[in-house]
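Peer 1: Quick one: the structure is below, questions incoming.
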Amino acid sequence: MSARAIRRRILSAAMTGLVGVLCAAAVLPLVLIFADLLHKGATSIDWNFFVRTPVPIGQSGGGVAHAIVGSAIIVGTACLIGLPIGIGAGIYLAEYGTGRLGWTVRFVADVLNGTPSIVIGILAWTWFVRPVGHFSALAASVALAMLMVPMVARTTEEMVRLVPHSLREAALALGYPRWRTSLQVVVRTAVAGIVTGALVAVARIAGETAPLLFTALGNLNFSLSLGHPMQALPLQIFTYATGPFEEWHRLAWASALVLMALVLLLAMAARWATRQRYGTR
Amino acid sequence: MSVPLPTFHNRGDRAYRVTLTGLAALLPLLLVVVGAELAVRAWPSIHRFGFNFLWTGRWDPVTEVYGAGPLIFGTLVSSLLALLLAVPLALGVAIFLTEFAPKWLRRPVAFLVELLAAVPSVVYGVWGIFVLIPFLRGHVVPGLKAVLGWSPFFSGVFYGNSMLAGGIILAIMIVPYIAAVSREVLLAVPGSQREAALGLGATRWEAVWSAVLPYGRAGVIGAVMLGLGRALGETMAVTMVIGNRHDIGASLLQPGYTMAAALANEFSEATTGMYLAALFEVGLLLFVITVTVNALARLLVWRVARGGSAGSRAL
């Protein structure tokens, strides 16, 4: 083998090694973050953490029950608003989205997916906080709904498209009108995939903090009212982490661990739901 | 849908189609309304400061003079720093996973990288404050100063919250987006490209470098731009580590500020109409920049990996 050929082989081997190392380096932060979350968060989590509300500085034993419940309410309301719109838009894209409007909606959905969530937060403030003069959990839900619609629309479209054309034709041949074919045959077949897309979107918005800053605002007390300020887990973490107290920092780590665990559970559930039907990708 | 279905003109079909069309039309409507609302609210500031808003650095709520120069500067510098660090890593992931990794390794590694995108921004912020910054202070910055301390980019005292910390956190956060889209683009490169190169006697790396990457170039550039879009608009993690000071300085060790961070910190404090208008103008700028970057990125990615919702798969 000539010297040149050897050199080329060495370069190839070296570059293979380099991309491997780069890949490992990209995954490293994830490992470090998870290790730190477990290490610093787990020791602060006890029963009180889940069932109590915060106690004044200096006392110990407070919890974040109000933030966990608040997050659930805000995200749940966001789903009620966002999921029907997102799923409907997604079905439109898959079933009728061949024309110019389809192209536009698809394109805009992808662009909106990259829009900073803080901008959406400002909009929610302008529309729902400023006119009534006080912060509210509902404004936060609307902001989160606006964030989830484009995500859900695109995943729904993708999943509905996976349904074989022959199913559609069979239903139409049996005399089903088009709308019933779409809803009862096509969409029903794609339901697992649509659920996956919804879960992924929920996982994403559950961790959002920026849109909540001037909408839900945060609340030290337990609140169930959509019309008033409400605490949410990400907001709580932000307040605790940027605060001056050691005890707060401890709670920030613990809350971060809980939030991460919730997000991971949702992501895992999403994967599991798709794998049931479509097998591995 | 490849084959057009026959349309039956009955009432149910029409109602179904109209409903879905209405829901879908909400998306473009949202984009337009958001832009218009921001522009209207920002108008007093646009009218009063004109183009000076973009490059002057005074941000003074007392005398009501506002200039977003430092915010724009900080946003660009932190995002470019993030790209500098993230692009090699993300391309490493994409190339390794599509070209070199053994089959059994591909899925688990791809999953781990996608998990990076699932970590909430505020959790990155917590990690940045309590782990990354102390680590930088103890182990990285002393070394950097010893080697590069002579350059203006690494001069001055390092207090922790800094452009450098912001850039690093952003880099970690955008790696999964760039990697996921690049991987999709590289997967869309036909196998015949690789086979042709290998058949001509290329080594495996040469096949990647001279056949696969050039074929996917537009898509990879699009992926990088998507990452840039994310970095420009990222808020919480950045505001927790970047220092939040209206300053322009060459040194990466000094505190900085970004447009998104300024909105997060100051929006609820804005008491006067002009202060609020200035912040709305910052929001408008951020919105216009990210929409432009994302739109260009999307067109580039679509050119290669047609139809797929690249990016929605990050997670």
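Convention: chains lettered A, B, ... in structure tokens order; per-chain residue numbering from 1; ligands numbered from 1 as shown.
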Return the neighbours of chain B among the residues of chain A, cut-off 6 Å, counting only C-alpha atoms, as number ranges by chain.

Peer 2: A: 12, 19-20, 22-23, 26, 85, 88-89, 92, 108, 111, 116, 178-179, 207, 256

Peer 1: Please identify the alpha helix (DSSP H) residues within segment 69-140 of chain A (assignment by DSSP from backbone atoms) and present them as a PyMOL selection string.

Peer 2: chain A and resi 69-96+100-113+117-124+137-140

Peer 1: Pick the closest to Trp272 of chain A from A:Pro56, A:Gly197, A:Pro29, A:Gly114: which is it, counting only C-alpha atoms?

Peer 2: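 The shortest atom-to-atom distance to Trp272 of chain A comes from A:Gly197.
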
Peer 1: Using only C-alpha atoms, can you tell me which of A:Val186, A:Phe245, A:Ile91, A:Ile81 comes closest to Gly58 of chain A?

Peer 2: A:Phe245

Peer 1: Per residue of segment 243-292 of chain B within 12 Å of segment 134-142 of chain B, which atom pair is closest and at what distance in Å (one decimal), using only C-alpha atoms, listed by chain and increasing number, as JSON lines?

Peer 2:
{"residue": "B:Leu252", "atom": "CA", "partner": "B:Val141", "partner_atom": "CA", "distance": 10.5}
{"residue": "B:Leu253", "atom": "CA", "partner": "B:Val141", "partner_atom": "CA", "distance": 8.3}
{"residue": "B:Gln254", "atom": "CA", "partner": "B:Val141", "partner_atom": "CA", "distance": 11.8}

Peer 1: Restricting the calculation to only C-alpha atoms, which member of A:Lys40, A:Ala269, A:Ala190, A:Trp248 is positioned closest to Gln59 of chain A?

Peer 2: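 Ranked by minimum distance to Gln59 of chain A, first place goes to A:Trp248.
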
Peer 1: Could you jot down the atom CA of Gly102 of chain A to atom CA of Ile174 of chain B separation for me, Å, one decimal place?

Peer 2: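 Computing it gives 28.7 Å between the two atoms.
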